[in-house]
$ cat work_33.cif   # mmCIF, C-alpha atoms and all ligand atoms; chains and numbers go by the auth columns
data_protein
#
loop_
_atom_site.group_PDB
_atom_site.id
_atom_site.type_symbol
_atom_site.label_atom_id
_atom_site.label_comp_id
_atom_site.label_asym_id
_atom_site.label_seq_id
_atom_site.Cartn_x
_atom_site.Cartn_y
_atom_site.Cartn_z
_atom_site.B_iso_or_equiv
_atom_site.auth_seq_id
_atom_site.auth_asym_id
ATOM 1 C CA MET A 1 -13.533 -8.807 103.611 0.00 19 Q
ATOM 2 C CA LYS A 2 -15.771 -11.786 102.937 0.00 20 Q
ATOM 3 C CA VAL A 3 -19.457 -11.145 102.243 0.00 21 Q
ATOM 4 C CA LYS A 4 -22.508 -13.351 102.698 0.00 22 Q
ATOM 5 C CA ILE A 5 -25.804 -12.404 101.062 0.00 23 Q
ATOM 6 C CA CYS A 6 -28.624 -14.223 102.838 0.00 24 Q
ATOM 7 C CA GLY A 7 -32.161 -15.208 101.887 0.00 25 Q
ATOM 8 C CA ILE A 8 -31.781 -15.244 98.123 0.00 26 Q
ATOM 9 C CA GLN A 9 -34.799 -16.603 96.223 0.00 27 Q
ATOM 10 C CA LYS A 10 -34.261 -15.473 92.625 0.00 28 Q
ATOM 11 C CA SER A 11 -31.790 -16.286 89.901 0.00 29 Q
ATOM 12 C CA HIS A 12 -31.028 -12.683 88.910 0.00 30 Q
ATOM 13 C CA HIS A 13 -30.076 -11.874 92.499 0.00 31 Q
ATOM 14 C CA ILE A 14 -27.583 -14.734 92.450 0.00 32 Q
ATOM 15 C CA LYS A 15 -26.099 -13.296 89.259 0.00 33 Q
ATOM 16 C CA ALA A 16 -25.808 -9.829 90.827 0.00 34 Q
ATOM 17 C CA ALA A 17 -24.210 -11.205 93.997 0.00 35 Q
ATOM 18 C CA VAL A 18 -21.747 -13.432 92.162 0.00 36 Q
ATOM 19 C CA SER A 19 -20.732 -10.758 89.663 0.00 37 Q
ATOM 20 C CA ALA A 20 -20.109 -8.250 92.478 0.00 38 Q
ATOM 21 C CA GLY A 21 -17.879 -10.731 94.352 0.00 39 Q
ATOM 22 C CA ALA A 22 -20.059 -12.381 97.016 0.00 40 Q
ATOM 23 C CA ASP A 23 -18.271 -15.161 98.913 0.00 41 Q
ATOM 24 C CA TYR A 24 -21.313 -16.859 100.463 0.00 42 Q
ATOM 25 C CA ILE A 25 -24.946 -17.144 99.388 0.00 43 Q
ATOM 26 C CA GLY A 26 -27.517 -18.202 101.954 0.00 44 Q
ATOM 27 C CA PHE A 27 -30.757 -20.099 101.450 0.00 45 Q
ATOM 28 C CA MET A 28 -33.382 -19.914 104.216 0.00 46 Q
ATOM 29 C CA PHE A 29 -34.862 -23.285 105.088 0.00 47 Q
ATOM 30 C CA ALA A 30 -36.339 -22.074 108.379 0.00 48 Q
ATOM 31 C CA GLN A 31 -39.655 -20.356 108.991 0.00 49 Q
ATOM 32 C CA SER A 32 -39.206 -16.923 107.423 0.00 50 Q
ATOM 33 C CA LYS A 33 -40.628 -14.645 104.785 0.00 51 Q
ATOM 34 C CA ARG A 34 -37.459 -15.609 102.882 0.00 52 Q
ATOM 35 C CA ARG A 35 -38.008 -19.355 103.167 0.00 53 Q
ATOM 36 C CA ILE A 36 -37.310 -21.427 100.075 0.00 54 Q
ATOM 37 C CA GLU A 37 -38.142 -25.052 99.264 0.00 55 Q
ATOM 38 C CA ILE A 38 -35.219 -27.444 98.962 0.00 56 Q
ATOM 39 C CA GLN A 39 -35.947 -28.215 95.305 0.00 57 Q
ATOM 40 C CA GLU A 40 -36.020 -24.527 94.365 0.00 58 Q
ATOM 41 C CA ALA A 41 -32.793 -23.896 96.271 0.00 59 Q
ATOM 42 C CA ALA A 42 -31.190 -26.825 94.452 0.00 60 Q
ATOM 43 C CA GLU A 43 -32.062 -25.264 91.095 0.00 61 Q
ATOM 44 C CA LEU A 44 -30.667 -21.878 92.150 0.00 62 Q
ATOM 45 C CA ALA A 45 -27.574 -23.419 93.723 0.00 63 Q
ATOM 46 C CA ALA A 46 -26.707 -25.028 90.386 0.00 64 Q
ATOM 47 C CA GLN A 47 -26.096 -21.487 89.077 0.00 65 Q
ATOM 48 C CA ILE A 48 -23.547 -20.659 91.778 0.00 66 Q
ATOM 49 C CA PRO A 49 -19.897 -21.117 90.761 0.00 67 Q
ATOM 50 C CA ALA A 50 -17.784 -23.384 92.965 0.00 68 Q
ATOM 51 C CA HIS A 51 -15.712 -20.573 94.501 0.00 69 Q
ATOM 52 C CA VAL A 52 -18.874 -19.098 96.075 0.00 70 Q
ATOM 53 C CA LYS A 53 -20.019 -21.100 99.110 0.00 71 Q
ATOM 54 C CA ARG A 54 -23.631 -22.238 99.460 0.00 72 Q
ATOM 55 C CA VAL A 55 -25.009 -21.851 102.951 0.00 73 Q
ATOM 56 C CA GLY A 56 -28.176 -23.488 104.284 0.00 74 Q
ATOM 57 C CA VAL A 57 -29.829 -21.541 107.116 0.00 75 Q
ATOM 58 C CA PHE A 58 -31.863 -23.518 109.683 0.00 76 Q
ATOM 59 C CA VAL A 59 -33.582 -22.983 113.033 0.00 77 Q
ATOM 60 C CA ASN A 60 -33.678 -26.052 115.314 0.00 78 Q
ATOM 61 C CA PRO A 61 -33.703 -28.477 112.365 0.00 79 Q
ATOM 62 C CA SER A 62 -33.837 -32.245 112.550 0.00 80 Q
ATOM 63 C CA GLN A 63 -30.732 -34.080 111.369 0.00 81 Q
ATOM 64 C CA GLN A 64 -32.781 -35.504 108.528 0.00 82 Q
ATOM 65 C CA GLU A 65 -33.728 -32.015 107.330 0.00 83 Q
ATOM 66 C CA ILE A 66 -30.092 -30.924 107.264 0.00 84 Q
ATOM 67 C CA ASP A 67 -28.918 -34.102 105.558 0.00 85 Q
ATOM 68 C CA GLU A 68 -31.526 -33.784 102.818 0.00 86 Q
ATOM 69 C CA ALA A 69 -30.621 -30.136 102.121 0.00 87 Q
ATOM 70 C CA VAL A 70 -26.868 -30.839 102.178 0.00 88 Q
ATOM 71 C CA GLN A 71 -27.317 -33.607 99.667 0.00 89 Q
ATOM 72 C CA LYS A 72 -29.845 -31.962 97.314 0.00 90 Q
ATOM 73 C CA VAL A 73 -28.516 -28.389 97.407 0.00 91 Q
ATOM 74 C CA ASP A 74 -24.857 -29.419 97.698 0.00 92 Q
ATOM 75 C CA LEU A 75 -24.368 -27.100 100.673 0.00 93 Q
ATOM 76 C CA ASP A 76 -20.863 -26.092 101.743 0.00 94 Q
ATOM 77 C CA LEU A 77 -21.853 -24.712 105.129 0.00 95 Q
ATOM 78 C CA ILE A 78 -24.676 -25.053 107.657 0.00 96 Q
ATOM 79 C CA GLN A 79 -25.878 -21.931 109.480 0.00 97 Q
ATOM 80 C CA LEU A 80 -27.783 -22.688 112.696 0.00 98 Q
ATOM 81 C CA HIS A 81 -29.972 -19.915 114.132 0.00 99 Q
ATOM 82 C CA GLY A 82 -31.863 -21.701 116.898 0.00 100 Q
ATOM 83 C CA ASP A 83 -31.095 -23.405 120.216 0.00 101 Q
ATOM 84 C CA GLU A 84 -28.855 -26.063 118.712 0.00 102 Q
ATOM 85 C CA THR A 85 -26.511 -27.584 121.300 0.00 103 Q
ATOM 86 C CA PRO A 86 -22.703 -27.666 121.075 0.00 104 Q
ATOM 87 C CA HIS A 87 -23.001 -31.429 120.590 0.00 105 Q
ATOM 88 C CA PHE A 88 -25.421 -31.064 117.665 0.00 106 Q
ATOM 89 C CA CYS A 89 -23.163 -28.458 116.025 0.00 107 Q
ATOM 90 C CA ARG A 90 -20.060 -30.632 116.482 0.00 108 Q
ATOM 91 C CA ASN A 91 -21.687 -33.606 114.796 0.00 109 Q
ATOM 92 C CA GLN A 92 -22.434 -32.095 111.405 0.00 110 Q
ATOM 93 C CA VAL A 93 -20.840 -33.331 108.194 0.00 111 Q
ATOM 94 C CA LYS A 94 -20.334 -29.779 106.923 0.00 112 Q
ATOM 95 C CA PRO A 95 -18.713 -26.818 108.717 0.00 113 Q
ATOM 96 C CA VAL A 96 -21.133 -24.945 110.956 0.00 114 Q
ATOM 97 C CA MET A 97 -21.743 -21.207 111.291 0.00 115 Q
ATOM 98 C CA LYS A 98 -23.548 -20.881 114.641 0.00 116 Q
ATOM 99 C CA ALA A 99 -25.614 -17.736 115.138 0.00 117 Q
ATOM 100 C CA PHE A 100 -25.811 -15.963 118.486 0.00 118 Q
ATOM 101 C CA SER A 101 -28.226 -13.142 119.381 0.00 119 Q
ATOM 102 C CA ILE A 102 -26.306 -10.444 121.178 0.00 120 Q
ATOM 103 C CA THR A 103 -27.842 -8.453 124.000 0.00 121 Q
ATOM 104 C CA SER A 104 -24.984 -8.418 126.521 0.00 122 Q
ATOM 105 C CA GLU A 105 -21.331 -9.393 126.949 0.00 123 Q
ATOM 106 C CA ASP A 106 -22.512 -12.664 128.549 0.00 124 Q
ATOM 107 C CA ASP A 107 -23.633 -13.878 125.139 0.00 125 Q
ATOM 108 C CA PHE A 108 -19.969 -14.148 124.193 0.00 126 Q
ATOM 109 C CA LYS A 109 -19.305 -16.397 127.201 0.00 127 Q
ATOM 110 C CA ARG A 110 -21.949 -18.812 125.880 0.00 128 Q
ATOM 111 C CA MET A 111 -20.027 -19.097 122.642 0.00 129 Q
ATOM 112 C CA ARG A 112 -17.050 -20.670 124.420 0.00 130 Q
ATOM 113 C CA ASP A 113 -19.005 -23.946 124.673 0.00 131 Q
ATOM 114 C CA TYR A 114 -19.175 -24.199 120.892 0.00 132 Q
ATOM 115 C CA ASP A 115 -16.444 -25.475 118.621 0.00 133 Q
ATOM 116 C CA VAL A 116 -17.619 -24.365 115.187 0.00 134 Q
ATOM 117 C CA ALA A 117 -16.103 -22.965 112.006 0.00 135 Q
ATOM 118 C CA TYR A 118 -17.713 -19.519 112.381 0.00 136 Q
ATOM 119 C CA TYR A 119 -19.568 -17.526 115.049 0.00 137 Q
ATOM 120 C CA LEU A 120 -22.255 -15.271 113.549 0.00 138 Q
ATOM 121 C CA VAL A 121 -23.268 -12.436 115.843 0.00 139 Q
ATOM 122 C CA ASP A 122 -26.667 -10.921 115.181 0.00 140 Q
ATOM 123 C CA ALA A 123 -29.352 -8.757 116.770 0.00 141 Q
ATOM 124 C CA PRO A 124 -32.189 -10.677 118.455 0.00 142 Q
ATOM 125 C CA GLY A 125 -34.949 -11.644 116.014 0.00 143 Q
ATOM 126 C CA THR A 126 -38.404 -10.099 116.047 0.00 144 Q
ATOM 127 C CA ASP A 127 -40.930 -12.124 113.989 0.00 145 Q
ATOM 128 C CA TYR A 128 -38.367 -14.853 113.253 0.00 146 Q
ATOM 129 C CA ARG A 129 -35.057 -15.969 114.755 0.00 147 Q
ATOM 130 C CA GLY A 130 -33.034 -13.681 112.477 0.00 148 Q
ATOM 131 C CA GLY A 131 -33.278 -11.306 109.553 0.00 149 Q
ATOM 132 C CA SER A 132 -34.792 -8.500 111.626 0.00 150 Q
ATOM 133 C CA GLY A 133 -32.851 -5.689 109.970 0.00 151 Q
ATOM 134 C CA ARG A 134 -31.825 -4.440 113.417 0.00 152 Q
ATOM 135 C CA ARG A 135 -28.351 -3.650 114.647 0.00 153 Q
ATOM 136 C CA PHE A 136 -26.945 -4.626 118.028 0.00 154 Q
ATOM 137 C CA ASP A 137 -24.365 -2.704 120.040 0.00 155 Q
ATOM 138 C CA TRP A 138 -21.049 -3.581 118.369 0.00 156 Q
ATOM 139 C CA SER A 139 -19.124 -2.319 121.396 0.00 157 Q
ATOM 140 C CA LEU A 140 -20.278 -5.496 123.228 0.00 158 Q
ATOM 141 C CA ILE A 141 -17.929 -7.562 121.034 0.00 159 Q
ATOM 142 C CA PRO A 142 -14.801 -8.313 123.072 0.00 160 Q
ATOM 143 C CA GLU A 143 -11.550 -7.086 121.497 0.00 161 Q
ATOM 144 C CA ASN A 144 -10.046 -10.573 121.554 0.00 162 Q
ATOM 145 C CA HIS A 145 -12.990 -12.454 120.107 0.00 163 Q
ATOM 146 C CA ARG A 146 -11.203 -14.515 117.403 0.00 164 Q
ATOM 147 C CA PRO A 147 -11.814 -12.088 114.502 0.00 165 Q
ATOM 148 C CA GLU A 148 -10.850 -14.794 112.018 0.00 166 Q
ATOM 149 C CA LYS A 149 -14.043 -16.672 112.937 0.00 167 Q
ATOM 150 C CA LEU A 150 -16.420 -13.772 113.516 0.00 168 Q
ATOM 151 C CA VAL A 151 -19.266 -13.052 111.101 0.00 169 Q
ATOM 152 C CA LEU A 152 -21.051 -9.763 111.762 0.00 170 Q
ATOM 153 C CA ALA A 153 -24.783 -9.570 110.966 0.00 171 Q
ATOM 154 C CA GLY A 154 -27.806 -7.536 111.963 0.00 172 Q
ATOM 155 C CA GLY A 155 -29.031 -4.360 110.364 0.00 173 Q
ATOM 156 C CA LEU A 156 -26.119 -3.963 107.967 0.00 174 Q
ATOM 157 C CA THR A 157 -26.720 -1.848 104.873 0.00 175 Q
ATOM 158 C CA PRO A 158 -24.636 -0.478 101.997 0.00 176 Q
ATOM 159 C CA GLU A 159 -24.500 2.771 104.009 0.00 177 Q
ATOM 160 C CA ASN A 160 -23.158 1.371 107.290 0.00 178 Q
ATOM 161 C CA VAL A 161 -21.153 -1.686 106.242 0.00 179 Q
ATOM 162 C CA GLY A 162 -17.958 0.322 105.671 0.00 180 Q
ATOM 163 C CA GLU A 163 -18.120 1.591 109.253 0.00 181 Q
ATOM 164 C CA ALA A 164 -18.848 -1.953 110.497 0.00 182 Q
ATOM 165 C CA VAL A 165 -15.803 -3.354 108.707 0.00 183 Q
ATOM 166 C CA THR A 166 -13.519 -0.632 110.083 0.00 184 Q
ATOM 167 C CA GLU A 167 -14.873 -0.776 113.613 0.00 185 Q
ATOM 168 C CA VAL A 168 -15.428 -4.505 114.175 0.00 186 Q
ATOM 169 C CA LYS A 169 -12.926 -6.028 111.715 0.00 187 Q
ATOM 170 C CA PRO A 170 -14.801 -9.330 111.383 0.00 188 Q
ATOM 171 C CA TYR A 171 -13.895 -12.205 109.079 0.00 189 Q
ATOM 172 C CA ALA A 172 -17.130 -11.625 107.138 0.00 190 Q
ATOM 173 C CA VAL A 173 -20.283 -9.524 107.040 0.00 191 Q
ATOM 174 C CA ASP A 174 -23.747 -10.935 106.453 0.00 192 Q
ATOM 175 C CA VAL A 175 -26.853 -9.139 105.208 0.00 193 Q
ATOM 176 C CA SER A 176 -30.467 -9.765 104.340 0.00 194 Q
ATOM 177 C CA SER A 177 -32.882 -6.854 105.002 0.00 195 Q
ATOM 178 C CA GLY A 178 -30.321 -4.184 104.094 0.00 196 Q
ATOM 179 C CA VAL A 179 -30.216 -5.311 100.459 0.00 197 Q
ATOM 180 C CA GLU A 180 -33.989 -5.370 100.038 0.00 198 Q
ATOM 181 C CA VAL A 181 -36.560 -2.870 98.776 0.00 199 Q
ATOM 182 C CA ASN A 182 -40.177 -3.409 99.867 0.00 200 Q
ATOM 183 C CA GLY A 183 -39.284 -6.836 101.251 0.00 201 Q
ATOM 184 C CA GLU A 184 -37.639 -8.082 98.038 0.00 202 Q
ATOM 185 C CA LYS A 185 -33.935 -8.423 97.297 0.00 203 Q
ATOM 186 C CA ASP A 186 -32.625 -5.644 95.066 0.00 204 Q
ATOM 187 C CA SER A 187 -29.706 -6.216 92.673 0.00 205 Q
ATOM 188 C CA ASN A 188 -28.379 -2.650 92.935 0.00 206 Q
ATOM 189 C CA LYS A 189 -28.347 -2.836 96.719 0.00 207 Q
ATOM 190 C CA ILE A 190 -26.666 -6.242 96.664 0.00 208 Q
ATOM 191 C CA ILE A 191 -23.922 -4.891 94.391 0.00 209 Q
ATOM 192 C CA ALA A 192 -23.524 -1.685 96.430 0.00 210 Q
ATOM 193 C CA PHE A 193 -23.270 -3.655 99.684 0.00 211 Q
ATOM 194 C CA ILE A 194 -20.590 -5.980 98.357 0.00 212 Q
ATOM 195 C CA HIS A 195 -18.582 -3.109 96.891 0.00 213 Q
ATOM 196 C CA GLU A 196 -18.771 -1.099 100.109 0.00 214 Q
ATOM 197 C CA ALA A 197 -17.803 -4.102 102.249 0.00 215 Q
ATOM 198 C CA LYS A 198 -14.845 -4.919 100.019 0.00 216 Q
ATOM 199 C CA GLY A 199 -13.814 -1.290 99.568 0.00 217 Q
ATOM 200 C CA VAL A 200 -14.315 -1.300 95.801 0.00 218 Q
ATOM 201 C CA ARG A 201 -14.313 2.296 94.588 0.00 219 Q
ATOM 202 C CA ARG A 202 -17.441 3.168 92.620 0.00 220 Q
ATOM 203 C CA ASN A 203 -15.575 4.171 89.460 0.00 221 Q
ATOM 204 C CA ASP A 204 -13.344 1.052 89.479 0.00 222 Q
ATOM 205 C CA ASN A 205 -15.786 -0.577 87.072 0.00 223 Q
ATOM 206 C CA LEU A 206 -15.991 2.318 84.607 0.00 224 Q
HETATM 207 O O1 LIG B . -33.589 -13.800 107.324 0.00 301 K
HETATM 208 C C1 LIG B . -34.470 -14.374 107.941 0.00 301 K
HETATM 209 O O2 LIG B . -35.663 -14.186 107.687 0.00 301 K
HETATM 210 C C2 LIG B . -34.117 -15.336 109.043 0.00 301 K
HETATM 211 C C3 LIG B . -35.144 -15.982 109.720 0.00 301 K
HETATM 212 C C4 LIG B . -34.851 -16.897 110.717 0.00 301 K
HETATM 213 C C5 LIG B . -33.534 -17.162 111.043 0.00 301 K
HETATM 214 C C6 LIG B . -32.493 -16.517 110.373 0.00 301 K
HETATM 215 C C7 LIG B . -32.765 -15.599 109.379 0.00 301 K
HETATM 216 N N1 LIG B . -31.748 -14.923 108.726 0.00 301 K
HETATM 217 C C8 LIG B . -30.392 -15.260 108.910 0.00 301 K
HETATM 218 C C9 LIG B . -29.342 -14.364 108.365 0.00 301 K
HETATM 219 O O3 LIG B . -28.255 -14.814 108.093 0.00 301 K
HETATM 220 C C10 LIG B . -29.558 -12.870 108.225 0.00 301 K
HETATM 221 O O4 LIG B . -28.777 -12.420 107.169 0.00 301 K
HETATM 222 C C11 LIG B . -29.116 -12.203 109.523 0.00 301 K
HETATM 223 O O5 LIG B . -30.000 -12.569 110.527 0.00 301 K
HETATM 224 C C12 LIG B . -29.102 -10.648 109.377 0.00 301 K
HETATM 225 O O6 LIG B . -30.333 -10.205 108.930 0.00 301 K
HETATM 226 P P1 LIG B . -30.611 -8.654 108.630 0.00 301 K
HETATM 227 O O7 LIG B . -30.552 -7.903 109.903 0.00 301 K
HETATM 228 O O8 LIG B . -31.969 -8.661 108.016 0.00 301 K
HETATM 229 O O9 LIG B . -29.564 -8.203 107.648 0.00 301 K
#
$ encode --input "work_33.cif" --output "structure tokens" --more "lines below"
Ligand SMILES: O=C(O)c1ccccc1NCC(=O)[C@H](O)[C@H](O)COP(=O)(O)O
Amino acid sequence: MKVKICGIQKSHHIKAAVSAGADYIGFMFAQSKRRIEIQEAAELAAQIPAHVKRVGVFVNPSQQEIDEAVQKVDLDLIQLHGDETPHFCRNQVKPVMKAFSITSEDDFKRMRDYDVAYYLVDAPGTDYRGGSGRRFDWSLIPENHRPEKLVLAGGLTPENVGEAVTEVKPYAVDVSSGVEVNGEKDSNKIIAFIHEAKGVRRNDNL
């Protein structure tokens, strides 16, 4: 199981995520309490080994904004959380992970218009367009929805990610709020989440 840790802002959280086996690390460039400036993200990204993918998260960005972040942060993937059109997604220089808020089965029909590398399914945002810490009803995900391209997000935690992996069988799981304490990322939670998602037994590291 692949794991993406989103909204990282500190170097020691990158170290925790990388050492526990994270596959993707996300930087928030959109309006969010987790927002980071491009220059800061570039400095943090330099600490990420090449086998871990760097993801830039945007909401309705301009092309110029994406291009600048791709170049300065050396992004591997672009995550789009707004109302970006299929055409906009298709015309990016890096693979796109398009986020969809799920409230009904119809939301999956909308996805058919998009030809992207990954489809991230998330609960609807509250204050922002993502990162709400809320779960959506996983039973809305159609059985045949290309599991090799599905990224499950929304309200995942170290406690429920094992169940999510077994039930939904996505390509990857994505988390932000569930690895935070008092609104800040927490290294122990990051490590626990990655281990639970990947099925690493707790005493494997002893
Ligand atoms: O995290 C945010 O603050 C955010 C704000 C605006 C757009 C997207 C945002 N997050 C994107 C993510 O990839 C989150 O990990 C995903 O929405 C799940 O969040 P959570 O339910 O908090 O685990």
$ closest_residue --input "work_33.cif" --among "Q:Pro79, Q:Pro67, Q:Pro165, Q:Pro104" --to "ligand LIG 301 (chain K)" --atoms "all atoms listed in the file"
Q:Pro79
$ residues_near_ligand --input "work_33.cif" --ligand "ligand LIG 301 (chain K)" --cutoff "9 Å" --atoms "all atoms listed in the file" --output "JSON, numbers by chain"
{"Q": [22, 23, 24, 25, 44, 45, 46, 47, 48, 49, 50, 51, 52, 53, 75, 76, 77, 97, 98, 99, 100, 117, 138, 139, 140, 141, 142, 143, 145, 146, 147, 148, 149, 150, 151, 152, 153, 170, 171, 172, 173, 174, 175, 191, 192, 193, 194, 195, 196, 197, 198]}
$ atom_distance --input "work_33.cif" --atom1 "atom CA of Ala135 of chain Q" --atom2 "atom CA of Glu166 of chain Q"
9.7 Å
$ atom_distance --input "work_33.cif" --atom1 "atom CA of Glu102 of chain Q" --atom2 "atom CA of Asn78 of chain Q"
5.9 Å
$ closest_residue --input "work_33.cif" --among "Q:Ala190, Q:Tyr42, Q:Ser157, Q:Glu185" --to "Tyr137 of chain Q" --atoms "only C-alpha atoms"
Q:Ala190
$ atom_distance --input "work_33.cif" --atom1 "atom CA of Asn109 of chain Q" --atom2 "atom CA of Ala68 of chain Q"
24.4 Å
$ resolve_selection --input "work_33.cif" --expression "the PyMOL selection byres (((chain Q and resi 61) around 12) and not hetatm)" --output "PyMOL selection string"
chain Q and resi 27-29+32+45+54-60+62-66+90-92
$ residues_around --input "work_33.cif" --residues "Asn178 of chain Q" --least-positions-apart "6" --cutoff "10 Å" --atoms "all atoms listed in the file" --output "list of chain:residue names"
Q:Gly196, Q:Phe211, Q:Glu214, Q:Ala215
$ closest_residue --input "work_33.cif" --among "Q:Leu93, Q:Leu168, Q:Ala182, Q:Ile212" --to "Asp41 of chain Q" --atoms "all atoms listed in the file"
Q:Ile212
$ decode --input "work_33.cif" --residues "segment 33-54 of chain Q" --atoms "N, CA and C atoms" --output "PDB file, in the first residue's frame"
ATOM      1  N   LYS Q  33      11.572  13.728   7.918  1.00  0.00           N
ATOM      2  CA  LYS Q  33      12.452  12.621   8.348  1.00  0.00           C
ATOM      3  C   LYS Q  33      11.619  11.455   8.867  1.00  0.00           C
ATOM      4  N   ALA Q  34      10.622  11.759   9.705  1.00  0.00           N
ATOM      5  CA  ALA Q  34       9.772  10.692  10.263  1.00  0.00           C
ATOM      6  C   ALA Q  34       9.040   9.957   9.144  1.00  0.00           C
ATOM      7  N   ALA Q  35       8.476  10.723   8.208  1.00  0.00           N
ATOM      8  CA  ALA Q  35       7.703  10.106   7.122  1.00  0.00           C
ATOM      9  C   ALA Q  35       8.595   9.237   6.232  1.00  0.00           C
ATOM     10  N   VAL Q  36       9.750   9.766   5.889  1.00  0.00           N
ATOM     11  CA  VAL Q  36      10.655   9.022   5.000  1.00  0.00           C
ATOM     12  C   VAL Q  36      11.156   7.759   5.695  1.00  0.00           C
ATOM     13  N   SER Q  37      11.537   7.889   6.965  1.00  0.00           N
ATOM     14  CA  SER Q  37      12.100   6.722   7.655  1.00  0.00           C
ATOM     15  C   SER Q  37      11.037   5.634   7.850  1.00  0.00           C
ATOM     16  N   ALA Q  38       9.773   6.031   7.966  1.00  0.00           N
ATOM     17  CA  ALA Q  38       8.710   5.028   8.146  1.00  0.00           C
ATOM     18  C   ALA Q  38       8.253   4.422   6.816  1.00  0.00           C
ATOM     19  N   GLY Q  39       8.681   5.022   5.689  1.00  0.00           N
ATOM     20  CA  GLY Q  39       8.348   4.402   4.389  1.00  0.00           C
ATOM     21  C   GLY Q  39       7.301   5.132   3.573  1.00  0.00           C
ATOM     22  N   ALA Q  40       7.124   6.444   3.823  1.00  0.00           N
ATOM     23  CA  ALA Q  40       6.156   7.205   3.008  1.00  0.00           C
ATOM     24  C   ALA Q  40       6.563   7.148   1.534  1.00  0.00           C
ATOM     25  N   ASP Q  41       5.551   7.148   0.662  1.00  0.00           N
ATOM     26  CA  ASP Q  41       5.805   7.111  -0.785  1.00  0.00           C
ATOM     27  C   ASP Q  41       5.632   8.481  -1.418  1.00  0.00           C
ATOM     28  N   TYR Q  42       4.776   9.305  -0.805  1.00  0.00           N
ATOM     29  CA  TYR Q  42       4.487  10.647  -1.336  1.00  0.00           C
ATOM     30  C   TYR Q  42       4.456  11.635  -0.171  1.00  0.00           C
ATOM     31  N   ILE Q  43       5.012  12.818  -0.408  1.00  0.00           N
ATOM     32  CA  ILE Q  43       4.913  13.897   0.585  1.00  0.00           C
ATOM     33  C   ILE Q  43       4.296  15.111  -0.106  1.00  0.00           C
ATOM     34  N   GLY Q  44       3.237  15.639   0.522  1.00  0.00           N
ATOM     35  CA  GLY Q  44       2.515  16.740  -0.111  1.00  0.00           C
ATOM     36  C   GLY Q  44       2.794  18.082   0.534  1.00  0.00           C
ATOM     37  N   PHE Q  45       2.957  19.086  -0.324  1.00  0.00           N
ATOM     38  CA  PHE Q  45       3.102  20.474   0.133  1.00  0.00           C
ATOM     39  C   PHE Q  45       1.865  21.252  -0.318  1.00  0.00           C
ATOM     40  N   MET Q  46       1.271  21.999   0.629  1.00  0.00           N
ATOM     41  CA  MET Q  46       0.045  22.751   0.348  1.00  0.00           C
ATOM     42  C   MET Q  46       0.380  24.141  -0.163  1.00  0.00           C
ATOM     43  N   PHE Q  47       0.044  24.404  -1.410  1.00  0.00           N
ATOM     44  CA  PHE Q  47       0.256  25.746  -1.954  1.00  0.00           C
ATOM     45  C   PHE Q  47      -1.061  26.529  -2.030  1.00  0.00           C
ATOM     46  N   ALA Q  48      -2.146  25.871  -1.644  1.00  0.00           N
ATOM     47  CA  ALA Q  48      -3.458  26.533  -1.692  1.00  0.00           C
ATOM     48  C   ALA Q  48      -3.746  27.192  -0.348  1.00  0.00           C
ATOM     49  N   GLN Q  49      -4.852  27.947  -0.319  1.00  0.00           N
ATOM     50  CA  GLN Q  49      -5.262  28.568   0.940  1.00  0.00           C
ATOM     51  C   GLN Q  49      -5.598  27.474   1.950  1.00  0.00           C
ATOM     52  N   SER Q  50      -4.904  27.479   3.068  1.00  0.00           N
ATOM     53  CA  SER Q  50      -5.051  26.411   4.062  1.00  0.00           C
ATOM     54  C   SER Q  50      -4.247  26.791   5.288  1.00  0.00           C
ATOM     55  N   LYS Q  51      -4.608  26.203   6.415  1.00  0.00           N
ATOM     56  CA  LYS Q  51      -3.772  26.412   7.601  1.00  0.00           C
ATOM     57  C   LYS Q  51      -2.438  25.696   7.439  1.00  0.00           C
ATOM     58  N   ARG Q  52      -2.349  24.838   6.409  1.00  0.00           N
ATOM     59  CA  ARG Q  52      -1.107  24.084   6.165  1.00  0.00           C
ATOM     60  C   ARG Q  52      -0.303  24.664   5.009  1.00  0.00           C
ATOM     61  N   ARG Q  53      -0.709  25.836   4.543  1.00  0.00           N
ATOM     62  CA  ARG Q  53      -0.051  26.440   3.381  1.00  0.00           C
ATOM     63  C   ARG Q  53       1.431  26.690   3.655  1.00  0.00           C
ATOM     64  N   ILE Q  54       2.227  26.528   2.620  1.00  0.00           N
ATOM     65  CA  ILE Q  54       3.665  26.763   2.728  1.00  0.00           C
ATOM     66  C   ILE Q  54       4.105  27.605   1.529  1.00  0.00           C
TER      67      ILE Q  54
END
